[in-house]
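Chemist: My structure is in my_file.cif, and what it holds is mmCIF, C-alpha atoms and all ligand atoms:
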data_coords
loop_
_atom_site.label_atom_id
_atom_site.label_comp_id
_atom_site.auth_asym_id
_atom_site.auth_seq_id
_atom_site.Cartn_x
_atom_site.Cartn_y
_atom_site.Cartn_z
CA MET A 1 77.60 50.16 130.27
CA ARG A 2 80.63 48.69 131.91
CA ASP A 3 83.41 50.66 133.59
CA LYS A 4 85.88 50.80 130.71
CA THR A 5 83.16 52.09 128.43
CA LEU A 6 82.12 54.66 131.05
CA CYS A 7 85.72 55.89 131.05
CA VAL A 8 85.44 56.68 127.34
CA LYS A 9 81.84 57.71 126.75
CA ARG A 10 80.73 61.03 128.21
CA PRO A 11 77.35 61.54 129.84
CA GLU A 12 75.23 64.37 128.50
CA VAL A 13 74.97 67.35 130.84
CA SER A 14 72.60 70.27 130.63
CA HIS A 15 73.73 73.47 128.95
CA GLU A 16 70.52 75.20 129.94
CA GLY A 17 71.07 78.48 131.73
CA PHE A 18 74.78 78.48 130.97
CA ALA A 19 75.39 81.62 128.94
CA SER A 20 79.12 82.30 129.05
CA LEU A 21 80.66 85.31 127.34
CA ALA A 22 83.64 83.18 126.26
CA THR A 23 83.71 81.21 123.02
CA PRO A 24 84.13 77.51 123.88
CA THR A 25 87.24 75.82 122.52
CA TYR A 26 85.99 72.86 120.51
CA ARG A 27 88.84 70.45 119.85
CA ALA A 28 88.36 67.75 117.25
CA SER A 29 90.14 65.58 114.76
CA THR A 30 87.19 63.46 113.68
CA ILE A 31 83.60 64.44 114.13
CA VAL A 32 80.85 61.82 114.34
CA PHE A 33 77.48 61.43 112.63
CA ASP A 34 74.15 60.25 113.97
CA SER A 35 73.38 57.97 111.02
CA ALA A 36 75.19 56.02 108.32
CA GLU A 37 73.35 58.15 105.79
CA ALA A 38 74.60 61.41 107.33
CA TYR A 39 78.12 60.04 107.20
CA ALA A 40 77.75 59.00 103.55
CA ASN A 41 76.49 62.48 102.65
CA ARG A 42 79.02 64.45 104.68
CA SER A 43 80.68 66.04 101.64
CA LYS A 44 77.32 67.60 100.71
CA ARG A 45 77.16 69.72 103.85
CA GLY A 46 78.19 72.88 101.97
CA PRO A 47 80.68 75.63 102.85
CA ASP A 48 79.47 75.99 106.45
CA GLY A 49 78.97 72.32 107.29
CA TYR A 50 81.29 70.34 109.54
CA THR A 51 83.09 67.31 108.10
CA TYR A 52 86.43 67.00 109.86
CA GLY A 53 88.33 68.95 112.52
CA LEU A 54 90.94 70.15 110.02
CA HIS A 55 88.24 71.81 107.94
CA GLY A 56 86.60 73.76 110.76
CA THR A 57 85.18 73.67 114.27
CA PRO A 58 82.64 76.01 115.90
CA THR A 59 85.63 77.82 117.45
CA SER A 60 87.40 78.45 114.13
CA ARG A 61 84.09 79.35 112.46
CA THR A 62 83.43 81.93 115.19
CA LEU A 63 86.79 83.57 114.51
CA GLU A 64 86.19 83.40 110.75
CA ALA A 65 82.75 84.99 111.15
CA SER A 66 84.15 87.77 113.36
CA ILE A 67 86.79 88.62 110.78
CA THR A 68 84.26 88.38 107.93
CA ALA A 69 82.07 90.92 109.72
CA LEU A 70 84.98 93.34 110.28
CA GLU A 71 86.22 92.95 106.69
CA GLN A 72 82.67 93.39 105.32
CA GLY A 73 83.16 90.17 103.39
CA LEU A 74 81.20 86.98 102.76
CA ARG A 75 83.56 84.30 104.12
CA THR A 76 87.01 84.06 105.73
CA VAL A 77 89.48 81.19 105.84
CA LEU A 78 92.10 80.70 108.56
CA VAL A 79 95.61 79.45 107.81
CA PRO A 80 98.62 78.71 110.05
CA SER A 81 100.53 81.98 109.44
CA GLY A 82 100.40 85.38 107.79
CA GLN A 83 102.80 84.12 105.13
CA ALA A 84 100.41 81.21 104.42
CA ALA A 85 97.57 83.74 103.99
CA ILE A 86 99.51 85.11 101.01
CA THR A 87 100.78 81.82 99.57
CA VAL A 88 97.35 80.12 99.77
CA VAL A 89 95.85 82.94 97.69
CA PHE A 90 98.63 82.61 95.11
CA LEU A 91 98.38 78.79 95.02
CA SER A 92 94.60 78.94 94.63
CA ILE A 93 94.60 81.37 91.69
CA LEU A 94 97.80 80.91 89.69
CA MET A 95 98.40 78.17 87.11
CA PRO A 96 101.52 77.44 85.04
CA GLY A 97 101.94 80.22 82.46
CA ASP A 98 100.25 82.82 84.71
CA THR A 99 101.87 85.92 86.19
CA VAL A 100 101.36 87.65 89.55
CA LEU A 101 102.35 91.30 90.13
CA ILE A 102 103.81 92.03 93.58
CA PRO A 103 104.93 95.36 95.06
CA ASP A 104 108.61 95.98 95.74
CA SER A 105 107.56 96.86 99.31
CA ALA A 106 105.88 93.49 100.04
CA TYR A 107 106.68 91.43 103.13
CA PRO A 108 110.05 90.04 101.91
CA PRO A 109 109.19 86.30 102.00
CA VAL A 110 106.54 86.96 99.30
CA ALA A 111 109.20 87.62 96.65
CA GLY A 112 111.11 84.58 97.95
CA PHE A 113 108.03 82.39 97.49
CA CYS A 114 107.55 83.69 93.94
CA GLU A 115 111.20 83.25 92.98
CA ASN A 116 111.96 79.93 94.68
CA TYR A 117 108.63 78.10 94.69
CA LEU A 118 106.36 79.45 91.94
CA LYS A 119 108.97 80.20 89.27
CA PRO A 120 110.34 76.62 89.07
CA ARG A 121 106.72 75.51 88.61
CA GLY A 122 106.13 77.79 85.62
CA ILE A 123 104.39 80.69 87.38
CA SER A 124 105.97 84.11 86.79
CA HIS A 125 105.99 87.23 88.90
CA ARG A 126 106.87 90.83 88.22
CA ILE A 127 107.84 93.27 90.95
CA TYR A 128 106.33 96.73 90.61
CA ASP A 129 106.95 100.11 92.25
CA PRO A 130 104.43 100.39 95.12
CA MET A 131 103.75 104.00 94.07
CA ILE A 132 102.85 102.95 90.49
CA GLY A 133 99.11 103.74 90.90
CA SER A 134 97.16 103.58 87.63
CA GLY A 135 100.47 102.98 85.81
CA ILE A 136 99.99 99.33 86.82
CA ALA A 137 97.88 99.06 83.62
CA THR A 138 101.08 99.00 81.54
CA LEU A 139 102.20 95.83 83.36
CA ILE A 140 98.97 93.90 82.75
CA ASP A 141 99.20 91.45 79.87
CA ASP A 142 97.08 88.35 79.20
CA THR A 143 99.16 86.21 81.58
CA VAL A 144 98.55 88.45 84.62
CA LYS A 145 95.88 86.83 86.84
CA LEU A 146 96.52 88.47 90.21
CA ILE A 147 97.79 91.82 91.49
CA TRP A 148 99.01 91.71 95.08
CA THR A 149 99.31 94.82 97.24
CA GLU A 150 100.51 95.62 100.73
CA SER A 151 99.71 99.02 102.13
CA PRO A 152 101.66 100.36 103.86
CA GLY A 153 104.63 98.38 102.62
CA SER A 154 106.77 96.41 105.05
CA THR A 155 109.32 98.66 106.82
CA THR A 156 109.34 101.36 104.10
CA MET A 157 105.65 102.15 104.76
CA GLU A 158 104.52 103.38 101.30
CA ILE A 159 100.73 103.72 101.04
CA GLN A 160 99.48 102.44 97.68
CA ASP A 161 96.78 104.01 95.50
CA ILE A 162 94.47 101.01 95.93
CA PRO A 163 91.44 102.45 94.04
CA ALA A 164 93.63 103.19 90.99
CA ILE A 165 95.14 99.69 91.04
CA VAL A 166 91.71 98.06 91.48
CA ALA A 167 90.28 100.09 88.58
CA ALA A 168 93.11 99.01 86.25
CA ALA A 169 92.77 95.36 87.36
CA LYS A 170 88.97 95.28 87.00
CA SER A 171 89.09 96.63 83.46
CA ARG A 172 91.25 93.62 82.50
CA GLY A 173 89.46 91.00 84.61
CA VAL A 174 92.44 90.59 86.95
CA LEU A 175 91.94 89.63 90.61
CA THR A 176 93.41 91.82 93.38
CA GLY A 177 94.47 91.17 96.96
CA CYS A 178 95.83 93.23 99.84
CA ASP A 179 97.95 92.30 102.84
CA ASN A 180 96.08 94.35 105.44
CA THR A 181 98.13 93.36 108.51
CA TRP A 182 99.24 96.88 109.49
CA ALA A 183 95.88 98.67 109.26
CA THR A 184 93.63 95.73 110.21
CA PRO A 185 90.03 96.16 108.99
CA LEU A 186 89.55 98.67 111.82
CA TYR A 187 91.52 101.24 109.80
CA PHE A 188 91.24 100.06 106.18
CA LYS A 189 88.81 97.71 104.44
CA PRO A 190 90.24 96.25 101.20
CA LEU A 191 87.02 94.42 100.26
CA ALA A 192 85.04 97.66 100.55
CA HIS A 193 87.50 99.05 97.99
CA ASP A 194 86.42 96.23 95.67
CA MET A 195 89.47 94.05 96.18
CA ASP A 196 88.96 90.29 95.93
CA PHE A 197 91.16 89.15 98.85
CA SER A 198 92.04 90.81 102.16
CA SER A 199 94.70 88.95 104.11
CA MET A 200 96.09 89.52 107.59
CA ALA A 201 98.80 88.06 109.76
CA LEU A 202 96.60 87.49 112.83
CA THR A 203 99.98 86.86 114.45
CA LYS A 204 100.24 90.65 114.78
CA TYR A 205 97.36 92.84 115.99
CA VAL A 206 94.50 90.34 116.22
CA GLY A 207 96.50 87.87 118.32
CA GLY A 208 98.09 90.88 119.93
CA HIS A 209 100.22 89.12 122.55
CA SER A 210 103.17 87.63 120.60
CA ASP A 211 102.05 84.08 121.44
CA LEU A 212 100.32 82.71 118.36
CA LEU A 213 100.83 82.36 114.60
CA MET A 214 97.86 82.53 112.25
CA GLY A 215 96.64 84.18 109.08
CA SER A 216 93.27 85.05 107.57
CA ILE A 217 91.96 85.56 104.05
CA ALA A 218 88.59 87.29 103.66
CA VAL A 219 86.65 87.24 100.39
CA LYS A 220 83.28 88.50 99.17
CA ASP A 221 82.73 85.83 96.50
CA ILE A 222 81.66 82.30 97.43
CA ALA A 223 83.48 80.81 94.40
CA LEU A 224 86.79 82.29 95.61
CA HIS A 225 86.07 80.89 99.10
CA LYS A 226 85.66 77.45 97.56
CA LYS A 227 88.97 77.78 95.69
CA LEU A 228 90.78 78.67 98.93
CA LYS A 229 89.10 75.83 100.86
CA ASP A 230 89.88 73.34 98.07
CA THR A 231 93.57 74.30 98.14
CA MET A 232 93.71 73.98 101.92
CA ARG A 233 91.97 70.60 101.88
CA MET A 234 94.30 69.21 99.23
CA ILE A 235 97.41 70.51 100.97
CA GLY A 236 96.09 69.39 104.38
CA MET A 237 96.18 72.80 106.04
CA GLY A 238 94.19 73.95 109.03
CA VAL A 239 94.47 75.77 112.36
CA SER A 240 94.26 74.76 116.00
CA PRO A 241 91.08 75.64 117.91
CA ASP A 242 93.24 76.65 120.90
CA ASP A 243 94.99 79.24 118.74
CA CYS A 244 91.60 80.41 117.46
CA ALA A 245 90.46 80.89 121.05
CA LEU A 246 93.57 83.00 121.74
CA ALA A 247 92.93 85.05 118.60
CA LEU A 248 89.29 85.61 119.62
CA ARG A 249 90.45 86.80 123.02
CA GLY A 250 93.06 89.08 121.45
CA MET A 251 90.52 90.56 119.07
CA GLU A 252 88.31 91.74 121.96
CA THR A 253 90.92 94.31 123.00
CA MET A 254 92.25 95.12 119.51
CA GLY A 255 90.32 98.39 119.26
CA VAL A 256 91.78 99.88 122.44
CA ARG A 257 95.25 98.46 121.83
CA LEU A 258 95.38 99.93 118.34
CA ALA A 259 94.03 103.29 119.48
CA HIS A 260 96.65 103.53 122.23
CA SER A 261 99.63 102.25 120.24
CA GLY A 262 98.61 104.31 117.23
CA ARG A 263 98.44 107.53 119.25
CA VAL A 264 101.78 106.99 120.99
CA ALA A 265 103.49 105.94 117.74
CA LEU A 266 102.25 109.06 115.94
CA ASP A 267 103.33 111.28 118.86
CA PHE A 268 106.80 109.72 118.69
CA ALA A 269 106.95 110.01 114.89
CA ARG A 270 106.04 113.72 115.08
CA LYS A 271 108.54 114.37 117.87
CA ILE A 272 111.29 112.63 115.93
CA ALA A 273 110.38 114.42 112.69
CA ALA A 274 110.74 117.75 114.53
CA ARG A 275 114.31 116.87 115.58
CA VAL A 276 115.72 115.22 112.44
CA GLU A 277 115.17 115.54 108.69
CA PRO A 278 111.44 114.75 108.38
CA GLU A 279 112.08 112.43 105.39
CA LEU A 280 113.86 110.02 107.75
CA VAL A 281 110.60 109.25 109.58
CA LEU A 282 108.46 106.75 107.65
CA HIS A 283 104.95 107.09 109.08
CA PRO A 284 101.95 107.30 106.70
CA ALA A 285 100.24 110.00 108.77
CA LEU A 286 103.16 112.42 108.33
CA PRO A 287 102.86 114.77 105.33
CA ALA A 288 106.31 113.77 103.97
CA ALA A 289 105.38 110.05 103.78
CA ALA A 290 105.07 108.29 100.43
CA GLY A 291 101.37 108.00 99.67
CA HIS A 292 100.29 110.27 102.55
CA GLU A 293 97.46 111.61 100.37
CA PHE A 294 96.13 108.05 99.87
CA PHE A 295 96.40 107.44 103.61
CA GLN A 296 94.33 110.57 104.26
CA ARG A 297 91.77 109.54 101.66
CA ASP A 298 91.39 105.78 102.34
CA PHE A 299 92.38 105.02 105.96
CA VAL A 300 90.59 105.95 109.17
CA GLY A 301 93.56 105.50 111.49
CA ALA A 302 97.19 104.46 111.92
CA SER A 303 98.42 101.54 113.97
CA GLY A 304 101.53 101.48 116.14
CA VAL A 305 104.34 100.54 113.73
CA PHE A 306 106.54 103.03 111.88
CA SER A 307 110.15 103.27 110.75
CA LEU A 308 113.14 105.53 111.13
CA VAL A 309 115.82 105.68 108.45
CA ILE A 310 119.24 105.63 110.11
CA PRO A 311 121.58 107.99 108.24
CA PRO A 312 125.19 106.83 107.67
CA HIS A 313 126.63 109.02 110.47
CA ALA A 314 124.44 107.31 113.09
CA GLU A 315 124.92 103.71 111.92
CA ALA A 316 127.92 102.98 114.13
CA ALA A 317 126.18 104.07 117.33
CA LEU A 318 122.94 102.16 116.65
CA PRO A 319 123.84 98.62 117.85
CA GLY A 320 124.99 99.94 121.23
CA LEU A 321 121.90 102.12 121.62
CA LEU A 322 119.58 99.21 120.76
CA THR A 323 121.30 96.94 123.26
CA ALA A 324 121.07 99.65 125.92
CA ALA A 325 117.29 100.00 125.50
CA GLN A 326 115.52 99.20 128.78
CA THR A 327 111.85 98.98 127.78
CA PHE A 328 111.96 98.12 124.09
CA SER A 329 113.06 94.58 123.19
CA ILE A 330 114.98 93.84 120.01
CA GLY A 331 113.04 91.63 117.64
CA ALA A 332 111.13 91.21 114.41
CA SER A 333 107.37 90.70 114.19
CA TRP A 334 105.13 93.29 115.88
CA GLY A 335 101.56 94.02 116.94
CA GLY A 336 101.88 92.71 120.50
CA THR A 337 101.82 94.43 123.88
CA HIS A 338 105.64 94.56 124.07
CA SER A 339 107.40 97.35 122.22
CA LEU A 340 110.03 96.20 119.75
CA LEU A 341 112.91 97.66 117.79
CA ALA A 342 114.02 95.83 114.65
CA PRO A 343 116.98 97.10 112.59
CA MET A 344 116.21 96.13 109.00
CA THR A 345 118.24 96.21 105.81
CA ILE A 346 116.07 96.48 102.75
CA THR A 347 116.78 94.81 99.43
CA ARG A 348 114.80 96.01 96.48
CA ALA A 349 114.33 94.89 92.89
CA ASN A 350 114.34 98.58 91.95
CA ASP A 351 117.50 100.22 93.34
CA ALA A 352 116.06 103.69 92.87
CA HIS A 353 113.73 103.02 95.78
CA ALA A 354 116.20 101.27 98.04
CA HIS A 355 117.47 102.78 101.28
CA ALA A 356 121.09 101.70 101.39
CA GLY A 357 121.54 101.61 105.16
CA THR A 358 119.58 100.46 108.16
CA ILE A 359 115.93 101.24 108.71
CA LEU A 360 114.81 100.91 112.30
CA ARG A 361 111.29 99.50 112.60
CA ILE A 362 109.56 100.68 115.76
CA ASN A 363 106.61 98.74 117.20
CA VAL A 364 104.88 100.60 120.02
CA GLY A 365 103.23 98.33 122.56
CA LEU A 366 101.47 99.13 125.81
CA GLU A 367 104.30 100.13 128.18
CA ASP A 368 104.50 103.63 129.70
CA GLU A 369 105.28 106.07 126.93
CA ASP A 370 107.88 108.03 128.93
CA ASP A 371 109.84 104.80 129.49
CA LEU A 372 109.67 104.12 125.76
CA TRP A 373 110.76 107.64 124.86
CA ALA A 374 113.74 107.31 127.20
CA ASP A 375 114.96 104.48 124.94
CA LEU A 376 114.25 106.34 121.68
CA GLU A 377 115.67 109.72 122.68
CA PRO A 378 119.37 108.72 122.52
CA ILE A 379 118.80 107.20 119.07
CA VAL A 380 117.11 110.37 117.87
CA GLU A 381 119.91 112.39 119.49
CA ALA A 382 122.56 110.36 117.63
CA ILE A 383 120.84 111.22 114.36
CA ALA A 384 120.18 114.87 115.21
CA THR A 385 123.49 115.94 116.73
CA THR A 386 125.67 115.60 113.66
CA PRO A 387 126.56 118.94 112.05
CA ALA A 388 125.47 117.72 108.61
CA VAL A 389 121.90 117.27 109.79
CA THR A 390 119.24 119.79 110.84
CA LYS A 391 119.42 120.71 114.51
CA THR A 392 116.67 122.23 116.57
CA ALA A 393 118.72 123.30 119.61
C1 LIG B 1 104.40 89.41 109.85
C2 LIG B 1 103.79 89.64 108.52
C3 LIG B 1 103.41 88.58 107.71
C4 LIG B 1 103.69 87.16 108.08
O1 LIG B 1 103.04 86.74 109.23
P1 LIG B 1 103.50 85.37 109.94
O2 LIG B 1 102.33 84.97 110.74
O3 LIG B 1 104.71 85.73 110.75
O4 LIG B 1 103.82 84.41 108.82
C5 LIG B 1 102.81 88.86 106.51
N1 LIG B 1 102.59 90.12 106.12
C6 LIG B 1 102.94 91.18 106.86
C7 LIG B 1 102.67 92.57 106.38
C8 LIG B 1 103.56 90.98 108.09
O5 LIG B 1 103.94 92.03 108.82
#
Represent the structure contained in this file as structure tokens.
Ligand SMILES: *Cc1c(COP(=O)(O)O)cnc(C)c1O
Modeler:
Amino acid sequence: MRDKTLCVKRPEVSHEGFASLATPTYRASTIVFDSAEAYANRSKRGPDGYTYGLHGTPTSRTLEASITALEQGLRTVLVPSGQAAITVVFLSILMPGDTVLIPDSAYPPVAGFCENYLKPRGISHRIYDPMIGSGIATLIDDTVKLIWTESPGSTTMEIQDIPAIVAAAKSRGVLTGCDNTWATPLYFKPLAHDMDFSSMALTKYVGGHSDLLMGSIAVKDIALHKKLKDTMRMIGMGVSPDDCALALRGMETMGVRLAHSGRVALDFARKIAARVEPELVLHPALPAAAGHEFFQRDFVGASGVFSLVIPPHAEAALPGLLTAAQTFSIGASWGGTHSLLAPMTITRANDAHAHAGTILRINVGLEDEDDLWADLEPIVEAIATTPAVTKTA
């Protein structure tokens, strides 16, 4: 071979004796074949074969297999964001004339997708009370093809009665899915509760370091896996192997990060609930929380995100107190090592379940807990020290 060819072609080197603990990052657009026949037959390689970088590399398959094992599923697909993990399920299942049921507590862009993307294309949605339980049966007609759940709900943290919803769906042949971002499969396993789809924003706890965007959908049925893969192929959707490598690294420490953040968050939630009206603290492990009994029954732990309802008398002081925080940063998203405060206003289809004012979402990261409490204490104080509200001192 001549020099310019040697610049392009790579010599083979031995891998013998090289047993690294790290998953290699395999980057690829095209992949090549050792015969014309293998190339011609590439589409027959089956769900685990390699055909093109967009459709999977050994790096992305390693992440998929790790998530599949945790979710107790059969296959997992990876998509570019947590929002895409929801929309790809909907796009794979729903046809014009069909209806999807979504909880009022869902990650807000889900309702936006239904209203502004699906509805103009003839796919309906109905928003249900997250605490509906077996009452979901009354909403199932022949057009309903999918029931979506998210437990706990975004910001308002309601835990849903998943077994009751699954039972009602199964009896009518309706598919079910759960956004499992908060619990991760370490603390709740939707597929083990007979759901059809378990999605996660890997952006949050699996990535764990606020530096990547990705989503996963785990299934236990190979036909559903094919539907998801077909949708992704037609749309042209895939993930970067570099991001997969980051997610694999993040996942290695997820157990200890969740255990730490979960403990500190629950300590804070209990401390706050002892100083203010307990109903203001939205944490599934507290007895006053909506769906606490389902949390006790179905979950094996709580992660590090909970919310605090800001009563009207404390609203005015909140912006200044947030800005003054030294250790917490102000920002949406969560699940990383940095603690975050996010003031949220909630809009609901059902006004009866709306909180009119601000709800402060608290993401506990890995900083020293006394430093974190120093930021939270003045906020709690602002809520507690008004005569109208319970005082402890
Ligand atoms: C953040 C989040 C998402 C969206 O994840 P992105 O990767 O930011 O698109 C979806 N569901 C829940 C519950 C989330 O918290």
Chemist: How would you write, as a PyMOL selection string, the set of residues no farther than 7 Å from ligand LIG 1 (chain B) when counting all atoms listed in the file?
Modeler: chain A and resi 81-84+107+150+154+179-182+200-204+213-215+333
Chemist: I need the residue nearest Glu64 (chain A) from this list: A:Asp370, A:Asp242, A:Asp48, A:Asp230. Use all atoms listed in the file for the distance.
Modeler: A:Asp48
Chemist: Let me make sure I understand: among A:Thr23, A:Thr385, A:Ser210, A:Ser151, which one has the smallest atom-to-atom distance to Leu340 (chain A) if we use all atoms listed in the file?
Modeler: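 Once distances to Leu340 (chain A) are computed over all atoms listed in the file, the minimum belongs to A:Ser210.
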Chemist: Find the residue from A:Val281, A:Gly365, A:Pro343, A:Leu228 that sits nearest to Val256 (chain A); use only C-alpha atoms when measuring.
Modeler: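 Closest to Val256 (chain A) of all the choices is A:Gly365.
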Chemist: When you look at Val77 (chain A) with a cut-off of 7 Å (counting only C-alpha atoms), what residues show up, excluding the ones that are within fewer than 3 positions of it in the same chain? I need them as a PyMOL selection string.
Modeler: chain A and resi 64+216-218
Chemist: Provide the CA of Thr156 (chain A) to CA of Leu139 (chain A) distance in Å, to one decimal place.
Modeler: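 Computing the Euclidean distance for CA of Thr156 (chain A) and CA of Leu139 (chain A) yields 22.6 Å.
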Chemist: With 12 Å as the threshold, what does the neighbourhood of (123.6, 105.6, 117.8) contain in terms of residues, counting all atoms listed in the file? Coordinates are those of the file; answer as an NGL selection string.
Modeler: :A and (310-325 or 343 or 358 or 360 or 375-386)
Chemist: When you look at region 115-120 of chain A with a cut-off of 10 Å (counting only C-alpha atoms), what residues show up, excluding the ones that are within fewer than 5 positions of it in the same chain? I need them as a count of residues only.
Modeler: 13
Chemist: Using all atoms listed in the file, which of A:Pro152, A:Gly238, A:Gly53, A:Pro287 sits nearest Phe188 (chain A)?
Modeler: A:Pro152
Chemist: Counting only C-alpha atoms, what is within 8 Å of Asp194 (chain A), bar same-chain residues fewer than 3 positions away, as a ChimeraX atom specification?
Modeler: /A:166,190-191
Chemist: Centre and edge lengths, as AutoDock Vina command-line options, for the axis-aligned box enclosing every listed atom of region 183-187 of chain A with 4 Å of padding on each of the six sides, in Å to one decimal?
Modeler:
--center_x 92.7 --center_y 98.5 --center_z 110.4 --size_x 14.3 --size_y 13.5 --size_z 10.8
